[in-house]
Structure formats: structure tokens, C-alpha cells
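Inspection log for the structure reproduced underneath, given as C-alpha cells.
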Amino acid sequence: MRDPIRILKKILSAGTDLTPFEQSGEPLDQLVETLREVLRIRKGRQWLIDRSGIDPLLAPESFHRLLDLPEINYTEEADRNLDVVQHSLKDTRQPGDPVSIAHLNTCLRELYKDLSALNELKKKEHPNLHLASAMTGDLVDRVTGYAQQLRLLDWRGVGYLLTGWKARAIEKDFETLFPDARHLHPLRKNLNAVQLELAYYRRALEINIKWAVTGLDLFGVLRDDSLSQTIDNLSELGNGIWNLVYNGTRIKTTLELSGIRFHDITTLFDPDQVPLTIV
């Protein structure tokens with residue numbers, strides 16, 4: 001890079017004194033590329049907000065709630081005797097403490113695992129989700145109830161002969177909720193298929209509740225058939241953050257001069273706190 005100072009003038013907010021940057025002795029061309037990575041990370045955040053509801057800019061209180069998950073709360077390290085020792089973030093962190101990039105990375109990694117497992121389940125056992133276009137978290141229990149009621153109305157020996165009017169009323173409600181799921185109408189003849197599909201939505205509901213504080217709208221993702229894209233963008237965001245941390249080890253001084261703090265993710269994502277211009 002011929003003139004990183006000239007580029008930094010354009011990327012950083014107007015009036016930034018670049019003298020300390022030049023005096024740092026750090027590779028300013030690497031700083032330029034790292035700040036460009038920050039801009040890509042911010043773009044990835046916006047995609048996730050728009051398409052999945054996930055906001056990687058976790059509020060401190062939201063992150064603290066995630067510490068109820070053991071995989072987020074506990075960290076492990078080897079002591080001098082090479083024994084593995086667990087540490088609880090709840091023991092060292094206050095609810096209002098800033099969320100660090102390392103903590104965010106742990107959350108993104110675990111969220112990625114859950115969504116990837118759900119996507120693999122879809123590929124293997126549920127390639128065609130007939131109810132997805134209208135399914136919501138609130139409907140999972142409701143439709144499960146429909147299926148259970150129809151099972152009870154199917155009297156041994158006579159079927160729906162004496163209960164057909166009740167069964168038809170349930171089926172009409174089901175058809176109203178899922179008009180596009182023609183493969184599953186009438187419901188009484190497709191109970192097995194519906195209940196198998198409902199098992200997938202119950203797993204999706206568990207994941208959605210688990211990660212609700214991130215803003216995740218998993219049923220919206222399924223309705224848009226964008227689960228794979230969401231996973232890909234989570235991966236890209238995670239890779240971008242890893243690159244930022246890795247490259248940042250050589251430019252700690254100038255990265256902080258730019259306003260980026262590894263202990264506070266608001267400096268990474270919030271353009272009002274750390275304004276950067278795409279160059």
C-alpha cells in the first residue's frame with residue numbers, strides 16, 4: 001500500500017490527529033485493512049438484523065442472561081498440573097459490564113452450532129417443510145393439539161364415523177392456518193406426516209427461545225427459506241471477528257487510537273461511537 005496515511009484520513013472521522021498513528025511504528029497498511037474488515041463486519045451485522053432478527057451488538061444485560069447457558073458461562077483452561085479448571089463468568093462479571101469481542105465470539109460460535117444442527121436435520125429428515133410458509137412459534141402447540149384431538153376422535157373399529165363433524169371442524173381450522181399446505185389436506189389422512197414435521201418445529205422453537213435475547217426470529221427465517229444463508233452470514237461474521245482479533249495483535253496501539261476496543265463490542269459495531277468511512 002503506497003500511502004496508508006492518505007487512506008486513513010478518509011476512513012477515520014474528520015479531524016483525527018494522525019501523528020500518533022505515524023509515531024506508533026505499527027504497520028499502518030495492516031490497520032487500513034483491519035478497519036475495512038470492521039466495515040465488512042458492520043455490513044454483516046446489518047444483514048443478520050434484516051434477515052434473521054439477530055443483532056450481534058448484544059447489550060450487556062442480554063449477554064448476562066445468556067450466562068444461564070453453561071456453554072456460554074463456563075470457560076476452561078489447564079492449570080500448572082495440566083488439570084482442566086472451569087471458570088464461571090457469573091462469578092467475575094457484573095450485568096452492566098461491557099461485552100467483549102471474545103465473549104461475543106463464543107455466543108456466535110454456539111448459535112452457529114445450533115442453527116447448523118437444525119439445518120442438517122432439515123436436509124436429512126425434512127427436505128420439504130410444507131407448513132413453514134405460515135408456521136410461527138405460537139402455532140406449534142396449537143397444531144400439535146389438533147393432531148392429538150384427531151387421534152382421539154379416531155375411534156377403534158368405526159374410525160371417524162361418529163366423530164366426523166368434529167374432525168372436519170379441526171381440519172377446516174388447519175386449512176385456514178395453512179392454505180398452501182395442500183399436500184397435508186385433509187389433516188386426518190396426513191397425521192403422521194404433520195406430526196413428523198411438528199417435531200422439527202418443536203426443535204426450532206427450543207432454539208428460538210434459547211437465543212431469544214439475540215433477537216433471533218427463527219420461524220421468520222424458515223418462512224423465508226433463508227436458514228442456510230443465515231448460517232453462512234454468521235460464519236462470515238465470525239471469521240471477520242477472528243481476523244480482526246488475529247491482525248489486531250500487531251496493531252494494538254493504532255487500533256485503539258482508531259477507537260476499536262476488544263473489551264467492548266459497541267466500538268466494533270456502533271458507527272456513532274466509532275465512525276468509519278468506506279474507502
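As shown in the C-alpha cells, the chain order sets the letters A, B, ...; within each chain, residues go from 1, and ligands are also counted from 1 in the order they appear.
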Exercise: Asn105 of chain A partners within 9 Å, only C-alpha atoms, chain neighbours under 5 positions left out, as a PDB file with N, CA and C atoms, in the first residue's frame:
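File out_9.pdb, as written:
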ATOM      1  N   SER A 100     -17.296  -8.211  25.672  1.00  0.00           N
ATOM      2  CA  SER A 100     -16.048  -8.223  24.919  1.00  0.00           C
ATOM      3  C   SER A 100     -16.215  -8.959  23.595  1.00  0.00           C
ATOM      4  N   GLU A 110     -21.650 -20.763  19.366  1.00  0.00           N
ATOM      5  CA  GLU A 110     -22.680 -21.666  19.859  1.00  0.00           C
ATOM      6  C   GLU A 110     -23.978 -21.522  19.075  1.00  0.00           C
ATOM      7  N   GLY A 238     -18.269 -14.383  12.029  1.00  0.00           N
ATOM      8  CA  GLY A 238     -17.327 -14.977  12.963  1.00  0.00           C
ATOM      9  C   GLY A 238     -15.909 -14.974  12.431  1.00  0.00           C
ATOM     10  N   ILE A 241     -14.519 -11.450  12.633  1.00  0.00           N
ATOM     11  CA  ILE A 241     -14.116 -11.096  14.001  1.00  0.00           C
ATOM     12  C   ILE A 241     -12.802 -11.780  14.365  1.00  0.00           C
ATOM     13  N   TRP A 242     -12.659 -13.050  13.967  1.00  0.00           N
ATOM     14  CA  TRP A 242     -11.407 -13.764  14.240  1.00  0.00           C
ATOM     15  C   TRP A 242     -10.232 -13.068  13.541  1.00  0.00           C
TER      16      TRP A 242
END
What's the 10 Å shell around segment 178-185 of chain A, counting only C-alpha atoms, without same-chain residues fewer than 3 positions away, as a PDB file with C-alpha atoms, in the first residue's frame?
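Output file part31.pdb follows:
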ATOM      1  CA  LEU A 129     -41.372 -28.293   5.052  1.00  0.00           C
ATOM      2  CA  HIS A 130     -44.960 -27.917   3.907  1.00  0.00           C
ATOM      3  CA  LEU A 131     -46.050 -25.796   6.870  1.00  0.00           C
ATOM      4  CA  ALA A 132     -43.027 -23.480   7.051  1.00  0.00           C
ATOM      5  CA  SER A 133     -44.515 -20.647   4.982  1.00  0.00           C
ATOM      6  CA  ALA A 134     -47.133 -19.957   7.684  1.00  0.00           C
ATOM      7  CA  MET A 135     -45.695 -21.567  10.816  1.00  0.00           C
ATOM      8  CA  GLU A 171     -59.427 -29.762   9.550  1.00  0.00           C
ATOM      9  CA  LYS A 172     -61.064 -26.518   8.453  1.00  0.00           C
ATOM     10  CA  ASP A 173     -59.131 -24.622  11.116  1.00  0.00           C
ATOM     11  CA  PHE A 174     -55.940 -26.310   9.937  1.00  0.00           C
ATOM     12  CA  GLU A 175     -56.655 -25.455   6.295  1.00  0.00           C
ATOM     13  CA  ARG A 188     -56.765 -36.747   9.297  1.00  0.00           C
ATOM     14  CA  LYS A 189     -55.207 -38.571   6.341  1.00  0.00           C
ATOM     15  CA  ASN A 190     -51.811 -36.934   6.834  1.00  0.00           C
ATOM     16  CA  LEU A 191     -51.431 -37.023  10.600  1.00  0.00           C
ATOM     17  CA  ASN A 192     -48.152 -38.950  10.576  1.00  0.00           C
ATOM     18  CA  ALA A 193     -46.510 -36.506   8.150  1.00  0.00           C
ATOM     19  CA  VAL A 194     -47.761 -33.481  10.106  1.00  0.00           C
TER      20      VAL A 194
END
Selection near Thr16 of chain A, 9 Å with only C-alpha atoms, sequence-local residues under 4 positions removed, as a ChimeraX atom specification: /A:9,12,258
Create the file for the chosen residues now, containing N, CA and C atoms and written as a PDB file, in the first residue's frame.
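Once everything was written out, this is selection_4.pdb:
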ATOM      1  N   LYS A   9      -6.899   8.962   6.510  1.00  0.00           N
ATOM      2  CA  LYS A   9      -7.591  10.251   6.608  1.00  0.00           C
ATOM      3  C   LYS A   9      -9.021  10.145   6.110  1.00  0.00           C
ATOM      4  N   LEU A  12     -11.054   7.376   8.774  1.00  0.00           N
ATOM      5  CA  LEU A  12     -11.326   7.852  10.126  1.00  0.00           C
ATOM      6  C   LEU A  12     -12.120   9.156  10.091  1.00  0.00           C
ATOM      7  N   SER A 258      -7.848   4.290  16.849  1.00  0.00           N
ATOM      8  CA  SER A 258      -8.984   4.371  15.916  1.00  0.00           C
ATOM      9  C   SER A 258     -10.316   4.286  16.651  1.00  0.00           C
TER      10      SER A 258
END
Excluding segment 210-215 of chain A and its own-chain neighbours fewer than 5 positions away, which residues fall within 7 Å of it when counting only C-alpha atoms? Please give them as number ranges by chain. A: 53-56, 58, 62
Selection above as a file: N, CA and C atoms, as a compact mmCIF listing (two decimals), in the first residue's frame:
# COMPACT_ATOMS: atom_id res chain seq x y z
N GLY A 53 -33.23 -11.20 12.33
CA GLY A 53 -33.52 -10.58 13.62
C GLY A 53 -32.33 -10.58 14.57
N ILE A 54 -31.31 -11.36 14.26
CA ILE A 54 -30.14 -11.46 15.15
C ILE A 54 -29.36 -10.15 15.12
N ASP A 55 -29.11 -9.61 16.31
CA ASP A 55 -28.25 -8.43 16.40
C ASP A 55 -27.00 -8.81 17.21
N PRO A 56 -25.85 -8.91 16.55
CA PRO A 56 -24.62 -9.26 17.25
C PRO A 56 -24.19 -8.24 18.30
N LEU A 58 -24.82 -7.24 21.23
CA LEU A 58 -25.56 -7.64 22.42
C LEU A 58 -25.41 -6.59 23.51
N SER A 62 -28.30 -8.38 28.08
CA SER A 62 -28.68 -9.53 27.25
C SER A 62 -27.63 -10.62 27.32
DSSP helix (DSSP H, G or I) selection over segment 41-210 of chain A, as a tab-separated table (two decimals) with N, CA and C atoms, in the first residue's frame:
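And here is the file that came out, result-v3.tsv:
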chain	number	residue	atom	x	y	z
A	41	ILE	N	-17.68	-6.28	8.79
A	41	ILE	CA	-18.37	-6.86	9.95
A	41	ILE	C	-19.67	-6.10	10.22
A	42	ARG	N	-19.62	-4.78	10.12
A	42	ARG	CA	-20.83	-3.99	10.34
A	42	ARG	C	-21.88	-4.28	9.27
A	43	LYS	N	-21.44	-4.48	8.05
A	43	LYS	CA	-22.37	-4.83	6.99
A	43	LYS	C	-23.00	-6.19	7.25
A	44	GLY	N	-22.18	-7.13	7.73
A	44	GLY	CA	-22.71	-8.46	8.08
A	44	GLY	C	-23.71	-8.39	9.20
A	45	ARG	N	-23.46	-7.52	10.17
A	45	ARG	CA	-24.42	-7.34	11.27
A	45	ARG	C	-25.77	-6.87	10.73
A	46	GLN	N	-25.74	-5.91	9.81
A	46	GLN	CA	-26.99	-5.37	9.28
A	46	GLN	C	-27.76	-6.43	8.52
A	47	TRP	N	-27.06	-7.29	7.78
A	47	TRP	CA	-27.75	-8.38	7.07
A	47	TRP	C	-28.45	-9.28	8.06
A	48	LEU	N	-27.78	-9.65	9.13
A	48	LEU	CA	-28.38	-10.54	10.12
A	48	LEU	C	-29.59	-9.90	10.78
A	49	ILE	N	-29.52	-8.61	11.06
A	49	ILE	CA	-30.67	-7.92	11.65
A	49	ILE	C	-31.85	-7.96	10.69
A	50	ASP	N	-31.59	-7.62	9.44
A	50	ASP	CA	-32.66	-7.50	8.45
A	50	ASP	C	-33.28	-8.85	8.10
A	51	ARG	N	-32.48	-9.91	8.05
A	51	ARG	CA	-32.96	-11.18	7.53
A	51	ARG	C	-33.27	-12.24	8.60
A	52	SER	N	-32.72	-12.07	9.79
A	52	SER	CA	-32.95	-13.09	10.82
A	52	SER	C	-33.34	-12.51	12.18
A	60	PRO	N	-25.18	-5.45	27.34
A	60	PRO	CA	-24.58	-6.15	28.47
A	60	PRO	C	-25.58	-7.01	29.24
A	61	GLU	N	-26.80	-6.51	29.45
A	61	GLU	CA	-27.81	-7.27	30.18
A	61	GLU	C	-28.24	-8.51	29.40
A	62	SER	N	-28.30	-8.38	28.08
A	62	SER	CA	-28.68	-9.53	27.25
A	62	SER	C	-27.63	-10.62	27.32
A	63	PHE	N	-26.36	-10.20	27.24
A	63	PHE	CA	-25.29	-11.19	27.35
A	63	PHE	C	-25.31	-11.86	28.71
A	64	HIS	N	-25.59	-11.09	29.75
A	64	HIS	CA	-25.61	-11.66	31.09
A	64	HIS	C	-26.70	-12.73	31.21
A	65	ARG	N	-27.81	-12.54	30.53
A	65	ARG	CA	-28.86	-13.55	30.54
A	65	ARG	C	-28.41	-14.83	29.84
A	66	LEU	N	-27.55	-14.69	28.85
A	66	LEU	CA	-27.04	-15.86	28.15
A	66	LEU	C	-26.09	-16.68	29.02
A	70	PRO	N	-24.65	-23.01	30.08
A	70	PRO	CA	-23.31	-23.45	30.53
A	70	PRO	C	-22.23	-23.24	29.48
A	71	GLU	N	-22.59	-23.45	28.20
A	71	GLU	CA	-21.58	-23.32	27.15
A	71	GLU	C	-21.12	-21.88	26.96
A	72	ILE	N	-21.90	-20.92	27.45
A	72	ILE	CA	-21.51	-19.51	27.40
A	72	ILE	C	-20.83	-19.10	28.71
A	73	ASN	N	-21.36	-19.58	29.80
A	73	ASN	CA	-20.89	-19.15	31.12
A	73	ASN	C	-19.51	-19.69	31.48
A	89	LEU	N	-18.17	-17.14	34.30
A	89	LEU	CA	-18.22	-15.69	34.08
A	89	LEU	C	-19.15	-15.00	35.07
A	90	LYS	N	-20.15	-15.74	35.54
A	90	LYS	CA	-21.07	-15.16	36.51
A	90	LYS	C	-20.35	-14.74	37.78
A	91	ASP	N	-19.25	-15.41	38.08
A	91	ASP	CA	-18.51	-15.11	39.31
A	91	ASP	C	-17.63	-13.86	39.17
A	101	ILE	N	-15.28	-8.74	22.70
A	101	ILE	CA	-15.30	-9.43	21.41
A	101	ILE	C	-15.13	-10.93	21.62
A	102	ALA	N	-14.32	-11.33	22.59
A	102	ALA	CA	-14.15	-12.75	22.88
A	102	ALA	C	-15.46	-13.38	23.34
A	103	HIS	N	-16.21	-12.67	24.19
A	103	HIS	CA	-17.49	-13.20	24.66
A	103	HIS	C	-18.49	-13.30	23.51
A	104	LEU	N	-18.52	-12.28	22.66
A	104	LEU	CA	-19.40	-12.32	21.50
A	104	LEU	C	-19.05	-13.50	20.61
A	105	ASN	N	-17.78	-13.74	20.41
A	105	ASN	CA	-17.35	-14.83	19.55
A	105	ASN	C	-17.84	-16.17	20.08
A	106	THR	N	-17.82	-16.34	21.39
A	106	THR	CA	-18.35	-17.56	22.00
A	106	THR	C	-19.83	-17.72	21.70
A	107	CYS	N	-20.59	-16.63	21.83
A	107	CYS	CA	-22.04	-16.68	21.55
A	107	CYS	C	-22.30	-17.04	20.09
A	108	LEU	N	-21.59	-16.38	19.19
A	108	LEU	CA	-21.78	-16.63	17.76
A	108	LEU	C	-21.44	-18.07	17.41
A	109	ARG	N	-20.40	-18.61	18.02
A	109	ARG	CA	-20.00	-19.98	17.76
A	109	ARG	C	-21.08	-20.96	18.19
A	110	GLU	N	-21.65	-20.76	19.37
A	110	GLU	CA	-22.68	-21.67	19.86
A	110	GLU	C	-23.98	-21.52	19.08
A	111	LEU	N	-24.33	-20.30	18.71
A	111	LEU	CA	-25.52	-20.08	17.89
A	111	LEU	C	-25.35	-20.74	16.53
A	112	TYR	N	-24.17	-20.61	15.97
A	112	TYR	CA	-23.86	-21.25	14.69
A	112	TYR	C	-24.03	-22.76	14.79
A	113	LYS	N	-23.56	-23.37	15.88
A	113	LYS	CA	-23.69	-24.81	16.07
A	113	LYS	C	-25.16	-25.23	16.09
A	114	ASP	N	-25.98	-24.49	16.84
A	114	ASP	CA	-27.39	-24.85	16.95
A	114	ASP	C	-28.11	-24.73	15.61
A	115	LEU	N	-27.86	-23.64	14.90
A	115	LEU	CA	-28.53	-23.44	13.62
A	115	LEU	C	-28.03	-24.44	12.57
A	116	SER	N	-26.75	-24.77	12.61
A	116	SER	CA	-26.20	-25.74	11.67
A	116	SER	C	-26.80	-27.12	11.92
A	117	ALA	N	-26.95	-27.50	13.19
A	117	ALA	CA	-27.55	-28.79	13.52
A	117	ALA	C	-29.01	-28.83	13.04
A	118	LEU	N	-29.72	-27.73	13.21
A	118	LEU	CA	-31.10	-27.67	12.75
A	118	LEU	C	-31.17	-27.78	11.23
A	119	ASN	N	-30.23	-27.15	10.56
A	119	ASN	CA	-30.20	-27.20	9.09
A	119	ASN	C	-29.86	-28.61	8.59
A	120	GLU	N	-28.96	-29.30	9.29
A	120	GLU	CA	-28.63	-30.67	8.93
A	120	GLU	C	-29.83	-31.58	9.13
A	121	LEU	N	-30.57	-31.35	10.20
A	121	LEU	CA	-31.79	-32.13	10.45
A	121	LEU	C	-32.79	-31.90	9.34
A	122	LYS	N	-32.90	-30.67	8.90
A	122	LYS	CA	-33.81	-30.36	7.79
A	122	LYS	C	-33.41	-31.10	6.52
A	123	LYS	N	-32.11	-31.08	6.20
A	123	LYS	CA	-31.64	-31.74	4.98
A	123	LYS	C	-31.88	-33.24	5.01
A	124	LYS	N	-31.64	-33.85	6.17
A	124	LYS	CA	-31.71	-35.30	6.27
A	124	LYS	C	-33.13	-35.83	6.40
A	125	GLU	N	-33.96	-35.14	7.20
A	125	GLU	CA	-35.27	-35.70	7.54
A	125	GLU	C	-36.45	-34.86	7.09
A	137	GLY	N	-43.99	-19.68	16.09
A	137	GLY	CA	-43.76	-20.36	17.35
A	137	GLY	C	-45.05	-20.59	18.12
A	138	ASP	N	-45.98	-19.64	18.03
A	138	ASP	CA	-47.25	-19.77	18.75
A	138	ASP	C	-48.12	-20.90	18.20
A	139	LEU	N	-47.92	-21.26	16.95
A	139	LEU	CA	-48.77	-22.28	16.33
A	139	LEU	C	-48.29	-23.71	16.59
A	140	VAL	N	-47.08	-23.87	17.07
A	140	VAL	CA	-46.56	-25.23	17.25
A	140	VAL	C	-47.44	-26.04	18.19
A	141	ASP	N	-47.72	-25.50	19.38
A	141	ASP	CA	-48.56	-26.22	20.33
A	141	ASP	C	-49.99	-26.34	19.83
A	142	ARG	N	-50.46	-25.31	19.15
A	142	ARG	CA	-51.84	-25.33	18.66
A	142	ARG	C	-52.05	-26.46	17.65
A	143	VAL	N	-51.15	-26.57	16.69
A	143	VAL	CA	-51.28	-27.62	15.67
A	143	VAL	C	-51.02	-29.00	16.28
A	144	THR	N	-50.12	-29.06	17.25
A	144	THR	CA	-49.91	-30.33	17.96
A	144	THR	C	-51.21	-30.76	18.63
A	145	GLY	N	-51.94	-29.80	19.19
A	145	GLY	CA	-53.23	-30.10	19.80
A	145	GLY	C	-54.23	-30.62	18.78
A	146	TYR	N	-54.23	-30.02	17.57
A	146	TYR	CA	-55.12	-30.51	16.52
A	146	TYR	C	-54.85	-31.98	16.23
A	147	ALA	N	-53.59	-32.31	16.09
A	147	ALA	CA	-53.22	-33.70	15.77
A	147	ALA	C	-53.63	-34.65	16.88
A	148	GLN	N	-53.42	-34.24	18.11
A	148	GLN	CA	-53.79	-35.09	19.24
A	148	GLN	C	-55.30	-35.28	19.32
A	149	GLN	N	-56.04	-34.22	19.06
A	149	GLN	CA	-57.50	-34.33	19.09
A	149	GLN	C	-58.00	-35.29	18.02
A	150	LEU	N	-57.42	-35.20	16.82
A	150	LEU	CA	-57.85	-36.10	15.75
A	150	LEU	C	-57.52	-37.55	16.09
A	151	ARG	N	-56.43	-37.80	16.75
A	151	ARG	CA	-56.11	-39.16	17.17
A	151	ARG	C	-57.20	-39.70	18.10
A	152	LEU	N	-57.65	-38.85	19.03
A	152	LEU	CA	-58.68	-39.27	19.98
A	152	LEU	C	-60.04	-39.47	19.31
A	153	LEU	N	-60.29	-38.72	18.24
A	153	LEU	CA	-61.59	-38.84	17.54
A	153	LEU	C	-61.66	-40.05	16.64
A	164	GLY	N	-66.99	-37.55	12.80
A	164	GLY	CA	-66.53	-36.88	11.59
A	164	GLY	C	-66.77	-35.38	11.59
A	165	TRP	N	-67.87	-34.93	12.18
A	165	TRP	CA	-68.17	-33.50	12.17
A	165	TRP	C	-67.16	-32.71	13.00
A	166	LYS	N	-66.72	-33.34	14.12
A	166	LYS	CA	-65.69	-32.69	14.94
A	166	LYS	C	-64.35	-32.67	14.21
A	167	ALA	N	-64.05	-33.80	13.55
A	167	ALA	CA	-62.79	-33.89	12.82
A	167	ALA	C	-62.74	-32.87	11.69
A	168	ARG	N	-63.87	-32.71	11.01
A	168	ARG	CA	-63.91	-31.77	9.89
A	168	ARG	C	-63.71	-30.34	10.37
A	169	ALA	N	-64.26	-30.00	11.54
A	169	ALA	CA	-64.09	-28.65	12.09
A	169	ALA	C	-62.61	-28.37	12.36
A	170	ILE	N	-61.91	-29.36	12.89
A	170	ILE	CA	-60.47	-29.21	13.15
A	170	ILE	C	-59.72	-29.03	11.83
A	171	GLU	N	-60.10	-29.84	10.84
A	171	GLU	CA	-59.43	-29.76	9.55
A	171	GLU	C	-59.63	-28.41	8.88
A	172	LYS	N	-60.82	-27.84	9.04
A	172	LYS	CA	-61.06	-26.52	8.45
A	172	LYS	C	-60.18	-25.46	9.10
A	173	ASP	N	-60.03	-25.56	10.43
A	173	ASP	CA	-59.13	-24.62	11.12
A	173	ASP	C	-57.70	-24.79	10.60
A	174	PHE	N	-57.29	-26.02	10.43
A	174	PHE	CA	-55.94	-26.31	9.94
A	174	PHE	C	-55.75	-25.76	8.52
A	175	GLU	N	-56.74	-25.95	7.66
A	175	GLU	CA	-56.65	-25.46	6.29
A	175	GLU	C	-56.61	-23.93	6.26
A	176	THR	N	-57.33	-23.28	7.19
A	176	THR	CA	-57.32	-21.82	7.26
A	176	THR	C	-55.94	-21.31	7.65
A	177	LEU	N	-55.29	-22.01	8.58
A	177	LEU	CA	-53.96	-21.61	9.03
A	177	LEU	C	-52.90	-21.86	7.98
A	182	ARG	N	-51.24	-27.89	0.73
A	182	ARG	CA	-52.25	-28.77	0.14
A	182	ARG	C	-51.88	-30.24	0.24
A	183	HIS	N	-50.58	-30.53	0.28
A	183	HIS	CA	-50.14	-31.92	0.40
A	183	HIS	C	-50.61	-32.55	1.72
A	184	LEU	N	-50.93	-31.71	2.69
A	184	LEU	CA	-51.30	-32.22	4.01
A	184	LEU	C	-52.79	-32.08	4.31
A	187	LEU	N	-56.31	-33.18	7.00
A	187	LEU	CA	-55.35	-33.45	8.06
A	187	LEU	C	-55.43	-34.87	8.58
A	188	ARG	N	-56.64	-35.42	8.69
A	188	ARG	CA	-56.76	-36.75	9.30
A	188	ARG	C	-56.05	-37.83	8.48
A	189	LYS	N	-55.90	-37.59	7.18
A	189	LYS	CA	-55.21	-38.57	6.34
A	189	LYS	C	-53.69	-38.35	6.30
A	191	LEU	N	-51.84	-37.28	9.23
A	191	LEU	CA	-51.43	-37.02	10.60
A	191	LEU	C	-49.96	-37.38	10.85
A	192	ASN	N	-49.53	-38.53	10.33
A	192	ASN	CA	-48.15	-38.95	10.58
A	192	ASN	C	-47.15	-37.94	10.01
A	193	ALA	N	-47.41	-37.47	8.79
A	193	ALA	CA	-46.51	-36.51	8.15
A	193	ALA	C	-46.50	-35.19	8.92
A	194	VAL	N	-47.67	-34.74	9.37
A	194	VAL	CA	-47.76	-33.48	10.11
A	194	VAL	C	-47.03	-33.59	11.44
A	195	GLN	N	-47.22	-34.70	12.13
A	195	GLN	CA	-46.57	-34.84	13.43
A	195	GLN	C	-45.06	-34.95	13.30
A	196	LEU	N	-44.59	-35.57	12.23
A	196	LEU	CA	-43.15	-35.61	12.00
A	196	LEU	C	-42.59	-34.21	11.74
A	197	GLU	N	-43.33	-33.43	10.97
A	197	GLU	CA	-42.88	-32.07	10.68
A	197	GLU	C	-42.94	-31.20	11.93
A	198	LEU	N	-43.95	-31.45	12.77
A	198	LEU	CA	-44.07	-30.69	14.01
A	198	LEU	C	-42.89	-30.93	14.94
A	199	ALA	N	-42.32	-32.13	14.89
A	199	ALA	CA	-41.15	-32.42	15.72
A	199	ALA	C	-40.00	-31.48	15.35
A	200	TYR	N	-39.87	-31.18	14.07
A	200	TYR	CA	-38.83	-30.24	13.62
A	200	TYR	C	-39.11	-28.84	14.15
A	201	TYR	N	-40.37	-28.42	14.11
A	201	TYR	CA	-40.69	-27.07	14.58
A	201	TYR	C	-40.54	-26.96	16.10
A	202	ARG	N	-40.77	-28.05	16.81
A	202	ARG	CA	-40.55	-28.01	18.25
A	202	ARG	C	-39.07	-27.78	18.56
A	203	ARG	N	-38.20	-28.43	17.78
A	203	ARG	CA	-36.76	-28.20	17.97
A	203	ARG	C	-36.41	-26.75	17.61
A	204	ALA	N	-37.01	-26.25	16.54
A	204	ALA	CA	-36.77	-24.85	16.15
A	204	ALA	C	-37.25	-23.90	17.25
A	205	LEU	N	-38.37	-24.23	17.87
A	205	LEU	CA	-38.90	-23.38	18.94
A	205	LEU	C	-37.95	-23.37	20.14
A	206	GLU	N	-37.39	-24.52	20.48
A	206	GLU	CA	-36.43	-24.60	21.58
A	206	GLU	C	-35.23	-23.69	21.31
A	207	ILE	N	-34.72	-23.73	20.08
A	207	ILE	CA	-33.58	-22.89	19.72
A	207	ILE	C	-33.96	-21.42	19.74
A	208	ASN	N	-35.15	-21.12	19.26
A	208	ASN	CA	-35.59	-19.72	19.21
A	208	ASN	C	-35.71	-19.14	20.62
A	209	ILE	N	-36.24	-19.94	21.54
A	209	ILE	CA	-36.36	-19.49	22.93
A	209	ILE	C	-34.98	-19.33	23.56
A	210	LYS	N	-34.11	-20.29	23.28
A	210	LYS	CA	-32.76	-20.28	23.85
A	210	LYS	C	-32.01	-19.00	23.48
Tell me, as a PDB file with N, CA and C atoms, in the first residue's frame, which residues lie within 8 Å of Thr277 of chain A, counting only C-alpha atoms; anything in the same chain fewer than 5 positions away does not count.
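Result written to selection-v4.pdb:
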ATOM      1  N   LYS A  10      -9.230   9.320   5.098  1.00  0.00           N
ATOM      2  CA  LYS A  10     -10.572   9.162   4.528  1.00  0.00           C
ATOM      3  C   LYS A  10     -11.436   8.219   5.365  1.00  0.00           C
ATOM      4  N   ILE A  11     -10.797   7.174   5.941  1.00  0.00           N
ATOM      5  CA  ILE A  11     -11.559   6.176   6.698  1.00  0.00           C
ATOM      6  C   ILE A  11     -11.979   6.722   8.056  1.00  0.00           C
ATOM      7  N   LEU A  12     -11.054   7.376   8.774  1.00  0.00           N
ATOM      8  CA  LEU A  12     -11.326   7.852  10.126  1.00  0.00           C
ATOM      9  C   LEU A  12     -12.120   9.156  10.091  1.00  0.00           C
ATOM     10  N   SER A  13     -12.711   9.478  11.231  1.00  0.00           N
ATOM     11  CA  SER A  13     -13.538  10.682  11.300  1.00  0.00           C
ATOM     12  C   SER A  13     -12.692  11.928  11.041  1.00  0.00           C
TER      13      SER A  13
END
Taking the DSSP assignment computed from this structure's backbone, write out as a PyMOL selection string all residues of segment 22-262 of chain A that belong to strand (DSSP E or B). chain A and resi 74-78+84-88+155+159+261
Selection near segment 23-40 of chain A, 9 Å with only C-alpha atoms, sequence-local residues under 6 positions removed, as a list of chain:residue names: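 Surrounding residues, per the criterion: A:Met1, A:Arg2, A:Asp3, A:Pro4, A:Ile5, A:Ile7, A:Leu8, A:Ile11, A:Leu237, A:Gly240, A:Ile241, A:Asn243, A:Leu244, A:Asn247, A:Gly248, A:Arg250, A:Ile251, A:Lys252, A:Thr253, A:Thr254, A:Leu255, A:Ser258, A:Leu268, A:Phe269, A:Leu276, A:Thr277, A:Ile278, A:Val279.
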Could you write out the selected residues, including C-alpha atoms, as a CSV table (one decimal), in the first residue's frame?
chain,number,residue,atom,x,y,z
A,1,MET,CA,0.0,0.0,0.0
A,2,ARG,CA,1.6,3.2,-1.2
A,3,ASP,CA,0.1,5.8,1.1
A,4,PRO,CA,-1.8,4.3,4.1
A,5,ILE,CA,-1.9,7.7,5.9
A,7,ILE,CA,-6.4,6.4,3.1
A,8,LEU,CA,-6.6,6.6,6.9
A,11,ILE,CA,-11.6,6.2,6.7
A,237,LEU,CA,-19.2,-12.6,10.7
A,240,GLY,CA,-14.3,-11.5,10.2
A,241,ILE,CA,-14.1,-11.1,14.0
A,243,ASN,CA,-9.4,-12.0,11.6
A,244,LEU,CA,-9.8,-8.7,13.4
A,247,ASN,CA,-4.5,-9.0,13.0
A,248,GLY,CA,-5.1,-6.7,15.9
A,250,ARG,CA,0.2,-6.4,15.6
A,251,ILE,CA,-1.6,-3.1,15.7
A,252,LYS,CA,-2.9,-2.8,19.3
A,253,THR,CA,-1.9,0.8,19.7
A,254,THR,CA,-3.3,2.2,16.4
A,255,LEU,CA,-6.4,0.1,16.6
A,258,SER,CA,-9.0,4.4,15.9
A,268,LEU,CA,-16.9,-2.6,16.8
A,269,PHE,CA,-20.4,-2.2,15.6
A,276,LEU,CA,-15.7,4.9,9.8
A,277,THR,CA,-16.0,5.7,6.1
A,278,ILE,CA,-15.8,3.1,3.3
A,279,VAL,CA,-12.8,3.6,1.1
Could you tell me how far atom CA of Arg6 of chain A sits from atom CA of Glu236 of chain A, in Å to one decimal place?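 Between atom CA of Glu236 of chain A and atom CA of Arg6 of chain A the gap is 28.6 Å.
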Between atom CA of Ser228 of chain A and atom CA of Thr136 of chain A, what is the distance, to one decimal in Å?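 Computing the Euclidean distance for atom CA of Ser228 of chain A and atom CA of Thr136 of chain A yields 18.7 Å.
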